[in-house]
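Just my_file20.csv here, CSV, C-alpha atoms:
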chain,number,residue,atom,x,y,z
A,161,MET,CA,-118.5,14.5,86.6
A,162,SER,CA,-120.8,12.2,84.7
A,163,THR,CA,-119.0,9.2,83.2
A,164,PRO,CA,-120.5,6.7,80.7
A,165,ILE,CA,-120.7,4.2,83.6
A,166,ASN,CA,-122.4,6.6,85.9
A,167,GLN,CA,-124.9,7.6,83.2
A,168,LEU,CA,-125.6,4.0,82.5
A,169,GLN,CA,-126.2,3.3,86.2
A,170,SER,CA,-128.5,6.2,86.4
A,171,GLU,CA,-130.5,5.4,83.3
A,172,LEU,CA,-130.9,1.7,84.2
A,173,THR,CA,-132.1,2.7,87.7
A,174,THR,CA,-134.8,4.8,86.0
A,175,GLU,CA,-135.6,2.1,83.5
A,176,LEU,CA,-135.9,-0.6,86.2
A,177,ASP,CA,-138.5,1.7,88.0
A,178,SER,CA,-140.3,2.1,84.7
A,179,ILE,CA,-140.5,-1.6,84.0
A,180,LEU,CA,-141.8,-2.3,87.5
A,181,TRP,CA,-144.3,0.5,87.2
A,182,TYR,CA,-145.7,-1.0,84.0
A,183,TRP,CA,-146.2,-4.4,85.5
A,184,SER,CA,-147.6,-2.9,88.7
A,185,LYS,CA,-150.1,-0.7,86.9
A,186,PHE,CA,-151.4,-2.9,84.1
A,187,THR,CA,-151.0,-6.6,84.9
A,188,MET,CA,-152.9,-6.9,88.2
A,189,ASP,CA,-155.9,-9.2,87.7
A,190,THR,CA,-158.5,-7.7,89.9
A,191,LYS,CA,-161.2,-10.0,88.6
A,192,ASN,CA,-159.6,-13.4,89.1
A,193,GLY,CA,-156.6,-12.7,91.3
A,194,GLY,CA,-152.9,-12.9,90.4
A,195,PHE,CA,-151.8,-11.4,87.1
A,196,ILE,CA,-153.3,-10.8,83.7
A,197,GLY,CA,-152.3,-13.5,81.2
A,198,GLN,CA,-151.8,-11.3,78.2
A,199,ILE,CA,-151.5,-7.7,77.1
A,200,ASP,CA,-151.2,-7.4,73.3
A,201,SER,CA,-149.0,-5.1,71.2
A,202,ASN,CA,-151.9,-2.5,71.2
A,203,GLU,CA,-152.0,-2.5,75.0
A,204,ILE,CA,-155.3,-4.4,75.0
A,205,ILE,CA,-155.7,-6.5,78.0
A,206,ASN,CA,-157.0,-10.0,77.4
A,207,ILE,CA,-158.8,-10.9,80.7
A,208,ASP,CA,-159.6,-14.4,79.4
A,209,ALA,CA,-156.0,-15.3,78.5
A,210,GLU,CA,-154.4,-18.4,80.0
A,211,LYS,CA,-151.9,-17.8,82.8
A,212,GLY,CA,-148.4,-19.3,82.4
A,213,SER,CA,-146.3,-20.6,85.2
A,214,VAL,CA,-143.2,-19.2,83.7
A,215,LEU,CA,-144.6,-15.7,83.5
A,216,ASN,CA,-145.8,-15.9,87.2
A,217,ALA,CA,-142.5,-17.3,88.4
A,218,ARG,CA,-140.6,-14.6,86.6
A,219,ILE,CA,-142.8,-11.9,88.1
A,220,LEU,CA,-142.1,-13.4,91.5
A,221,TRP,CA,-138.3,-13.3,90.9
A,222,THR,CA,-138.2,-9.9,89.3
A,223,PHE,CA,-140.1,-8.0,92.0
A,224,SER,CA,-138.3,-9.9,94.8
A,225,SER,CA,-134.9,-9.2,93.3
A,226,ALA,CA,-135.7,-5.6,92.4
A,227,TYR,CA,-136.9,-4.9,96.0
A,228,GLN,CA,-133.3,-5.4,97.2
A,229,ILE,CA,-132.4,-2.3,95.1
A,230,THR,CA,-135.5,-0.2,95.2
A,231,LYS,CA,-136.6,-0.9,98.9
A,232,ASN,CA,-140.0,0.1,97.6
A,233,GLU,CA,-142.6,-1.7,99.8
A,234,GLU,CA,-145.0,-1.9,96.9
A,235,HIS,CA,-142.6,-4.1,95.0
A,236,LYS,CA,-142.4,-6.4,98.0
A,237,ILE,CA,-146.2,-6.5,98.1
A,238,ILE,CA,-146.4,-7.5,94.4
A,239,ALA,CA,-143.8,-10.2,95.0
A,240,LYS,CA,-146.0,-11.6,97.8
A,241,ARG,CA,-149.0,-11.5,95.5
A,242,ALA,CA,-147.0,-13.6,93.0
A,243,PHE,CA,-145.9,-15.9,95.7
A,244,ASP,CA,-149.4,-16.4,97.1
A,245,TYR,CA,-150.9,-17.0,93.6
A,246,ILE,CA,-148.3,-19.6,92.6
A,247,LEU,CA,-148.7,-21.4,95.9
A,248,SER,CA,-152.5,-21.4,95.8
A,249,HIS,CA,-153.0,-22.1,92.0
A,250,PHE,CA,-149.9,-23.4,90.2
A,251,TYR,CA,-148.4,-25.6,92.9
A,252,ASP,CA,-149.8,-29.1,92.6
A,253,THR,CA,-150.2,-30.3,96.2
A,254,GLU,CA,-151.3,-33.8,95.1
A,255,PHE,CA,-148.3,-34.8,93.0
A,256,GLY,CA,-145.8,-32.1,94.0
A,257,GLY,CA,-145.2,-30.3,90.7
A,258,ILE,CA,-146.2,-27.1,88.9
A,259,PHE,CA,-149.0,-26.8,86.4
A,260,TRP,CA,-147.7,-25.4,83.1
A,261,SER,CA,-150.8,-23.2,82.6
A,262,LEU,CA,-154.1,-22.2,84.1
A,263,HIS,CA,-157.3,-20.9,82.7
A,264,SER,CA,-157.9,-17.2,83.4
A,265,ASP,CA,-160.0,-18.1,86.4
A,266,GLY,CA,-157.1,-19.9,88.0
A,267,THR,CA,-158.2,-23.5,87.4
A,268,PRO,CA,-155.6,-25.9,85.9
A,269,LYS,CA,-155.4,-25.9,82.1
A,270,ASP,CA,-152.2,-27.8,81.1
A,271,THR,CA,-151.1,-29.9,84.0
A,272,LYS,CA,-147.8,-31.3,82.6
A,273,ASN,CA,-144.6,-30.9,84.6
A,274,GLN,CA,-142.3,-29.0,82.4
A,275,ILE,CA,-138.9,-29.0,84.2
A,276,TYR,CA,-138.0,-25.6,82.8
A,277,ALA,CA,-141.1,-24.0,84.5
A,278,ILE,CA,-140.4,-25.8,87.8
A,279,ALA,CA,-136.9,-24.5,87.7
A,280,PHE,CA,-138.2,-20.9,87.4
A,281,VAL,CA,-140.5,-21.4,90.4
A,282,ILE,CA,-137.5,-22.6,92.4
A,283,TYR,CA,-135.7,-19.4,91.2
A,284,GLY,CA,-138.5,-17.2,92.2
A,285,MET,CA,-139.3,-18.8,95.5
A,286,SER,CA,-135.6,-18.6,96.5
A,287,GLU,CA,-135.5,-14.9,95.7
A,288,TYR,CA,-138.7,-14.3,97.6
A,289,TYR,CA,-137.4,-16.1,100.6
A,290,ALA,CA,-134.3,-13.8,100.5
A,291,ILE,CA,-136.5,-10.8,101.0
A,292,SER,CA,-139.3,-12.2,103.1
A,293,LYS,CA,-137.8,-15.1,105.2
A,294,ASP,CA,-141.1,-16.8,104.6
A,295,ASN,CA,-140.2,-20.5,105.4
A,296,LYS,CA,-143.0,-21.7,103.1
A,297,ALA,CA,-141.2,-20.2,100.1
A,298,LEU,CA,-138.0,-22.1,101.0
A,299,GLU,CA,-139.9,-25.3,101.7
A,300,VAL,CA,-141.6,-25.2,98.3
A,301,ALA,CA,-138.3,-24.5,96.5
A,302,ILE,CA,-136.6,-27.4,98.3
A,303,ASP,CA,-139.5,-29.7,97.6
A,304,LEU,CA,-139.4,-28.8,93.9
A,305,TYR,CA,-135.7,-29.3,93.7
A,306,LYS,CA,-136.1,-32.8,95.2
A,307,LYS,CA,-138.9,-33.6,92.7
A,308,ILE,CA,-136.6,-32.6,89.8
A,309,GLN,CA,-133.8,-34.8,91.2
A,310,GLU,CA,-136.2,-37.7,91.7
A,311,HIS,CA,-138.0,-37.6,88.3
A,312,SER,CA,-136.0,-35.6,85.8
A,313,TYR,CA,-132.4,-36.5,86.6
A,314,ASP,CA,-130.7,-39.2,84.5
A,315,PRO,CA,-128.4,-41.0,86.9
A,316,ILE,CA,-126.8,-43.1,84.2
A,317,LYS,CA,-126.1,-40.7,81.3
A,318,LYS,CA,-126.4,-37.6,83.5
A,319,GLY,CA,-128.3,-34.4,82.7
A,320,TYR,CA,-132.0,-33.8,83.0
A,321,LEU,CA,-135.1,-34.9,80.9
A,322,GLU,CA,-137.5,-32.2,79.7
A,323,ALA,CA,-141.1,-33.0,80.8
A,324,PHE,CA,-143.6,-35.4,82.4
A,325,THR,CA,-147.3,-35.8,82.9
A,326,ARG,CA,-148.8,-34.4,86.1
A,327,ASP,CA,-148.2,-37.7,87.9
A,328,TRP,CA,-144.6,-37.8,86.6
A,329,LYS,CA,-145.1,-40.4,83.8
A,330,ASN,CA,-143.4,-40.1,80.4
A,331,ILE,CA,-144.9,-37.7,77.9
A,332,ASP,CA,-144.7,-37.6,74.1
A,333,ASP,CA,-144.5,-33.8,73.5
A,334,LEU,CA,-141.5,-32.5,75.4
A,335,ARG,CA,-141.3,-29.1,73.8
A,336,LEU,CA,-141.4,-25.7,75.5
A,337,SER,CA,-142.9,-24.1,72.5
A,338,ASP,CA,-143.7,-24.8,68.8
A,339,LYS,CA,-140.3,-23.6,67.6
A,340,ASP,CA,-138.3,-26.1,69.7
A,341,ALA,CA,-137.2,-29.5,68.7
A,342,ASN,CA,-139.0,-32.4,70.5
A,343,GLU,CA,-135.9,-33.7,72.3
A,344,LYS,CA,-135.3,-35.1,75.7
A,345,LYS,CA,-132.3,-33.0,76.8
A,346,THR,CA,-131.9,-29.3,75.9
A,347,MET,CA,-129.5,-26.5,76.6
A,348,ASN,CA,-132.3,-24.1,77.7
A,349,THR,CA,-133.6,-26.3,80.4
A,350,HIS,CA,-130.2,-27.2,81.8
A,351,LEU,CA,-129.2,-23.5,81.8
A,352,HIS,CA,-132.3,-22.6,83.9
A,353,ILE,CA,-132.0,-25.7,86.2
A,354,VAL,CA,-128.5,-24.6,87.2
A,355,GLU,CA,-129.6,-21.0,87.5
A,356,ALA,CA,-132.4,-22.1,89.9
A,357,TYR,CA,-130.3,-24.4,91.9
A,358,ALA,CA,-127.6,-21.8,92.3
A,359,ASN,CA,-130.2,-19.3,93.5
A,360,LEU,CA,-131.5,-21.8,96.0
A,361,TYR,CA,-128.0,-22.5,97.2
A,362,LYS,CA,-127.5,-18.8,98.1
A,363,VAL,CA,-130.3,-19.2,100.8
A,364,TRP,CA,-129.9,-22.9,101.6
A,365,LYS,CA,-126.3,-24.1,101.9
A,366,ASP,CA,-127.0,-27.8,101.3
A,367,GLU,CA,-123.9,-29.9,100.4
A,368,THR,CA,-125.9,-32.2,98.1
A,369,LEU,CA,-127.4,-29.3,96.3
A,370,GLN,CA,-123.9,-27.8,95.9
A,371,LYS,CA,-122.7,-31.1,94.3
A,372,ASP,CA,-125.7,-31.1,92.0
A,373,ILE,CA,-124.8,-27.6,90.8
A,374,ILE,CA,-121.2,-28.6,90.1
A,375,GLU,CA,-122.3,-31.7,88.2
A,376,ILE,CA,-124.7,-29.7,86.0
A,377,LEU,CA,-121.9,-27.3,85.2
A,378,GLN,CA,-119.7,-30.3,84.2
A,379,VAL,CA,-122.5,-31.6,82.0
A,380,ILE,CA,-122.9,-28.3,80.3
A,381,ASP,CA,-119.2,-28.0,79.9
A,382,THR,CA,-119.0,-31.5,78.3
A,383,HIS,CA,-122.1,-31.4,76.0
A,384,PHE,CA,-123.6,-28.0,75.4
A,385,ILE,CA,-120.6,-25.7,74.7
A,386,ASN,CA,-119.0,-26.0,71.3
A,387,GLU,CA,-115.4,-24.9,71.9
A,388,GLU,CA,-114.7,-24.9,68.2
A,389,THR,CA,-117.3,-22.3,67.3
A,390,GLY,CA,-117.9,-20.7,70.7
A,391,HIS,CA,-121.6,-21.2,70.4
A,392,LEU,CA,-124.0,-23.5,72.3
A,393,LYS,CA,-125.4,-26.8,71.2
A,394,LEU,CA,-129.1,-26.7,71.8
A,395,PHE,CA,-130.8,-30.1,71.5
A,396,PHE,CA,-129.8,-33.7,72.3
A,397,ASP,CA,-131.6,-37.1,72.7
A,398,GLU,CA,-131.3,-38.9,76.0
A,399,ASN,CA,-128.0,-40.5,74.9
A,400,TRP,CA,-126.4,-37.2,74.2
A,401,ILE,CA,-126.6,-37.5,70.4
A,402,GLU,CA,-126.8,-33.9,69.1
A,403,LYS,CA,-129.7,-32.8,66.9
A,404,PRO,CA,-128.2,-29.8,65.1
A,405,ASP,CA,-130.3,-26.6,65.2
A,406,VAL,CA,-129.9,-22.8,64.9
A,407,ILE,CA,-127.3,-20.6,66.6
A,408,SER,CA,-129.1,-18.7,69.3
A,409,TYR,CA,-127.2,-15.5,70.0
A,410,GLY,CA,-129.4,-14.6,72.9
A,411,HIS,CA,-128.7,-17.9,74.6
A,412,ASP,CA,-125.0,-17.7,73.8
A,413,ILE,CA,-124.6,-14.4,75.6
A,414,GLU,CA,-127.0,-15.3,78.5
A,415,ALA,CA,-125.0,-18.5,79.1
A,416,ALA,CA,-121.7,-16.5,79.0
A,417,TRP,CA,-122.4,-14.6,82.2
A,418,LEU,CA,-125.0,-16.7,83.9
A,419,LEU,CA,-123.0,-20.0,84.0
A,420,LEU,CA,-120.0,-18.2,85.4
A,421,GLN,CA,-122.2,-16.7,88.1
A,422,CYS,CA,-123.5,-20.2,89.0
A,423,ALA,CA,-119.9,-21.5,89.1
A,424,GLU,CA,-119.0,-18.7,91.5
A,425,ILE,CA,-122.0,-19.5,93.7
A,426,SER,CA,-120.9,-23.1,93.7
A,427,GLU,CA,-117.5,-22.1,95.0
A,428,ASP,CA,-115.8,-24.8,92.9
A,429,ALA,CA,-112.4,-23.4,91.7
A,430,THR,CA,-112.2,-25.8,88.7
A,431,MET,CA,-115.7,-24.7,87.4
A,432,ILE,CA,-115.0,-21.0,88.0
A,433,ALA,CA,-111.8,-21.3,86.0
A,434,ARG,CA,-113.5,-23.2,83.1
A,435,TYR,CA,-116.4,-20.8,83.0
A,436,LYS,CA,-114.2,-17.7,82.9
A,437,ILE,CA,-112.8,-19.1,79.7
A,438,HIS,CA,-116.2,-20.0,78.4
A,439,ALA,CA,-117.6,-16.5,79.2
A,440,ILE,CA,-115.0,-14.8,77.1
A,441,GLN,CA,-115.3,-17.2,74.2
A,442,LEU,CA,-119.1,-17.1,74.1
A,443,THR,CA,-119.1,-13.3,74.3
A,444,ASN,CA,-116.6,-13.1,71.4
A,445,SER,CA,-118.7,-15.5,69.3
A,446,THR,CA,-121.8,-13.4,70.0
A,447,LYS,CA,-120.2,-10.5,68.3
A,448,GLU,CA,-121.0,-12.3,65.0
A,449,GLY,CA,-124.7,-11.5,65.6
A,450,ILE,CA,-124.3,-7.8,66.4
A,451,ASP,CA,-125.5,-5.5,63.7
A,452,VAL,CA,-123.9,-2.1,62.8
A,453,ASP,CA,-126.6,-0.3,64.8
A,454,GLY,CA,-125.6,-2.1,68.0
A,455,GLY,CA,-128.6,-4.5,68.1
A,456,LEU,CA,-128.3,-8.2,68.4
A,457,TRP,CA,-129.9,-10.4,65.7
A,458,TYR,CA,-132.1,-13.2,67.0
A,459,GLU,CA,-130.8,-16.5,65.4
A,460,LEU,CA,-128.8,-17.8,62.6
A,461,ASP,CA,-129.4,-21.0,60.6
A,462,PRO,CA,-125.8,-22.2,60.1
A,463,GLU,CA,-126.7,-24.6,57.3
A,464,SER,CA,-128.1,-22.0,55.0
A,465,ASN,CA,-126.2,-19.1,56.7
A,466,GLN,CA,-129.5,-17.3,56.9
A,467,LEU,CA,-130.3,-14.9,59.7
A,468,ILE,CA,-133.7,-14.8,61.4
A,469,ALA,CA,-133.6,-11.1,60.8
A,470,GLU,CA,-135.4,-9.9,63.9
A,471,LYS,CA,-134.0,-8.2,67.0
A,472,HIS,CA,-136.0,-9.4,70.0
A,473,TRP,CA,-136.1,-7.7,73.4
A,474,TRP,CA,-134.5,-10.4,75.5
A,475,PRO,CA,-131.3,-11.0,73.6
A,476,GLN,CA,-130.5,-7.2,73.9
A,477,ALA,CA,-131.0,-7.5,77.7
A,478,GLU,CA,-128.7,-10.5,77.9
A,479,LEU,CA,-126.1,-8.9,75.6
A,480,MET,CA,-125.9,-6.0,78.0
A,481,ILE,CA,-125.1,-8.2,81.0
A,482,GLY,CA,-122.9,-10.6,79.1
A,483,PHE,CA,-120.6,-8.0,77.6
A,484,PHE,CA,-120.5,-6.0,80.8
A,485,ASN,CA,-119.4,-9.2,82.6
A,486,THR,CA,-116.6,-9.7,80.0
A,487,TYR,CA,-115.6,-6.1,80.5
A,488,GLN,CA,-115.2,-6.9,84.2
A,489,LEU,CA,-113.2,-10.0,83.5
A,490,THR,CA,-110.8,-8.4,81.0
A,491,SER,CA,-110.9,-4.7,81.8
A,492,ASP,CA,-111.1,-4.2,78.0
A,493,LYS,CA,-113.2,-1.1,77.4
A,494,ALA,CA,-114.2,-2.4,73.9
A,495,TYR,CA,-116.7,-4.7,75.7
A,496,LEU,CA,-118.2,-1.8,77.6
A,497,ASP,CA,-118.5,0.2,74.4
A,498,ILE,CA,-120.6,-2.6,73.0
A,499,VAL,CA,-122.9,-2.5,76.0
A,500,LEU,CA,-123.3,1.3,75.7
A,501,LYS,CA,-124.0,1.1,72.0
A,502,ASN,CA,-126.6,-1.7,72.6
A,503,TRP,CA,-128.3,0.3,75.3
A,504,ASP,CA,-128.5,3.2,72.8
A,505,PHE,CA,-130.1,0.8,70.3
A,506,VAL,CA,-132.6,-0.4,73.0
A,507,LYS,CA,-133.6,3.2,73.9
A,508,LYS,CA,-134.1,4.1,70.3
A,509,HIS,CA,-135.9,1.0,69.0
A,510,ILE,CA,-137.0,-1.4,71.7
A,511,LEU,CA,-138.3,0.8,74.6
A,512,ASP,CA,-142.0,1.8,74.2
A,513,THR,CA,-141.5,5.4,75.4
A,514,LEU,CA,-145.2,6.1,75.0
A,515,ASN,CA,-146.7,3.2,77.0
A,516,GLY,CA,-143.8,1.8,79.0
A,517,GLU,CA,-142.0,-1.6,78.9
A,518,TRP,CA,-140.2,-3.0,75.9
A,519,TYR,CA,-141.6,-4.0,72.5
A,520,TRP,CA,-141.2,-7.7,71.6
A,521,GLY,CA,-138.7,-6.5,69.1
A,522,ILE,CA,-138.2,-5.1,65.6
A,523,ASN,CA,-137.9,-6.4,62.1
A,524,ALA,CA,-134.9,-5.8,59.8
A,525,ASP,CA,-136.7,-2.7,58.5
A,526,TYR,CA,-137.1,-1.4,62.1
A,527,SER,CA,-140.9,-1.9,62.1
A,528,VAL,CA,-142.2,-3.1,65.5
A,529,ILE,CA,-143.0,-6.8,65.8
A,530,LYS,CA,-146.6,-7.0,66.8
A,531,LYS,CA,-146.5,-9.5,69.6
A,532,ASP,CA,-147.3,-9.4,73.3
A,533,LYS,CA,-146.2,-6.6,75.6
A,534,ALA,CA,-147.0,-9.0,78.5
A,535,GLY,CA,-147.8,-12.7,78.1
A,536,PHE,CA,-146.9,-16.3,78.4
A,537,TRP,CA,-143.3,-15.6,77.2
A,538,LYS,CA,-143.1,-11.8,77.6
A,539,CYS,CA,-142.1,-11.2,81.2
A,540,PRO,CA,-140.2,-8.5,83.2
A,541,TYR,CA,-137.4,-11.0,83.8
A,542,HIS,CA,-134.8,-10.4,81.1
A,543,ASN,CA,-135.0,-6.6,80.9
A,544,GLY,CA,-135.6,-6.2,84.7
A,545,ARG,CA,-132.6,-8.5,85.4
A,546,ALA,CA,-130.4,-6.6,83.0
A,547,CYS,CA,-131.0,-3.4,84.9
A,548,ILE,CA,-130.6,-5.2,88.3
A,549,GLU,CA,-127.3,-7.0,87.3
A,550,ILE,CA,-125.6,-4.0,85.8
A,551,ILE,CA,-126.7,-1.6,88.6
A,552,ASN,CA,-125.2,-4.1,91.1
A,553,ARG,CA,-122.0,-4.6,89.0
A,554,ILE,CA,-121.4,-0.9,88.7
A,555,LYS,CA,-121.7,-0.6,92.4
A,556,THR,CA,-119.1,-3.3,92.8
A,557,ILE,CA,-116.7,-1.6,90.4
A,558,LYS,CA,-117.1,1.7,92.4
A,559,ASN,CA,-116.4,0.0,95.7
A,560,GLU,CA,-113.2,-1.7,94.4

Encoded form using structure tokens:
Amino acid sequence: MSTPINQLQSELTTELDSILWYWSKFTMDTKNGGFIGQIDSNEIINIDAEKGSVLNARILWTFSSAYQITKNEEHKIIAKRAFDYILSHFYDTEFGGIFWSLHSDGTPKDTKNQIYAIAFVIYGMSEYYAISKDNKALEVAIDLYKKIQEHSYDPIKKGYLEAFTRDWKNIDDLRLSDKDANEKKTMNTHLHIVEAYANLYKVWKDETLQKDIIEILQVIDTHFINEETGHLKLFFDENWIEKPDVISYGHDIEAAWLLLQCAEISEDATMIARYKIHAIQLTNSTKEGIDVDGGLWYELDPESNQLIAEKHWWPQAELMIGFFNTYQLTSDKAYLDIVLKNWDFVKKHILDTLNGEWYWGINADYSVIKKDKAGFWKCPYHNGRACIEIINRIKTIKNE
């Protein structure tokens, strides 16, 4: 008998294959090597687009992680392609960092060390090592972890600084993108450092790394989670003075499940207990951003109480994992119902059923947002991971 959970597992297995098919078919750069830097909303490939380190690291992680479910050798081959390209083009052998971006021909374009990007390379390299046992992948991941600890870690005030020049000097513009505040300590980077470190710890049981994971979780607990509102605080200066900004529903729900997962990997009982509480509170606060159609709005400006009335692809993917996680924690079927309704919304409005992959998002009037299908920030990571996480979680439930 088909239950809603069985149907969800089946549909997400099919969707994972579809996402991987799209990236396998359309993003191979046969001219310059590696992967195409951009495919626009009309499926037009820009062979001359710059290549982003975050995109390439996320491709590496996605195909490595998915291979553990699909056992499709083509997926492993594509993971190796991403690994080889990052190693030969993005990895800075002179100063030991990661170039932020490359020209389309693979030569360095923006050589700054953005810690967020380095964290994603650690994340991808760790996952690739898990499927390949290629010692070079582990060696690079460990080396980049040590570089972050050496240059980005703040031993006095704790936490991590955002960005540096290629040779690890201070840099004026610390932002990930134009929409971000130019501040030295951000929630987004801390979230992805701990994600990367936890993934590395799964394949490299180093005691110092374990302590670093626990300390980051303590820092996030202290500074980034607003227990009054149940939302995240996003931007701080180096002295932990907050610079108020928007409420980011996608980050709230991503943090809800991801930080608990990191705590569980760290095996620290205190942090696991704390982040179970945070997971439920962050999930409940995210409900504020869910529309009647099941879709999750992008952001809210709390000062004006104005929504940024768009529904982007990645917050939907994170909502599915986050609410499924809270369903597992509480056994409250209401959280599962929200997952199922959101997945229906995604199928109806976010999936590109003609060409494959997910649209960037939709506007309030349900018109499609005309932004990249693949690009600097449009990767197979969020939607691919949602499929992978929920498939694995359903398997766990069935085995209990």

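Closest approach to Glu424 (chain A) from the set A:Glu355, A:Asp200, A:Glu402, A:Asp332 is made by A:Glu355, with distances taken over all atoms listed in the file.
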
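Shown here are all protein and nucleic acid residues lying within 7 Å of (-131.5, -10.8, 81.9), with all atoms listed in the file considered: A:Ala477, A:Glu478, A:Ile481, A:Tyr541, A:His542, A:Asn543, A:Gly544, A:Arg545, A:Ala546.
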
- Message: So, with only C-alpha atoms as the atoms that count, which of A:Ile385, A:Met480, A:Ala323, A:Ala297 lies closest to Phe259 (chain A)?
- Response: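 Going through A:Ile385, A:Met480, A:Ala323, A:Ala297 one by one, the smallest distance to Phe259 (chain A) is for A:Ala323.
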
- Near Glu463 (chain A), within 9 Å and counting only C-alpha atoms, which residues show up once chain neighbours fewer than 2 positions away are dropped, as a PyMOL selection string? chain A and resi 405-406+460-461+465-466

- Residue nearest Asp252 (chain A) - candidates A:Ile522, A:Leu456, A:Ile278, A:Leu180, atoms counted: only C-alpha atoms: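 Closest candidate: A:Ile278.
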
- Message: With only C-alpha atoms as the counted atoms, please give the residues lying no more than 6 Å from Phe324 (chain A), apart from itself and same-chain residues fewer than 3 positions off, as number ranges by chain.
- Response: A: 272-273, 328-331

- Query: By how many Å are CA of Ser261 (chain A) and CA of Gly212 (chain A) apart?
  - Reply: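 We find that CA of Ser261 (chain A) and CA of Gly212 (chain A) lie 4.6 Å from each other.
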
- Message: For a quick check of understanding, using all atoms listed in the file, which of A:Lys508, A:Lys501, A:His383, A:Lys211 has the smallest distance to Asp397 (chain A)?
- Response: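 Checking each candidate against Asp397 (chain A), we get A:His383 as the closest.
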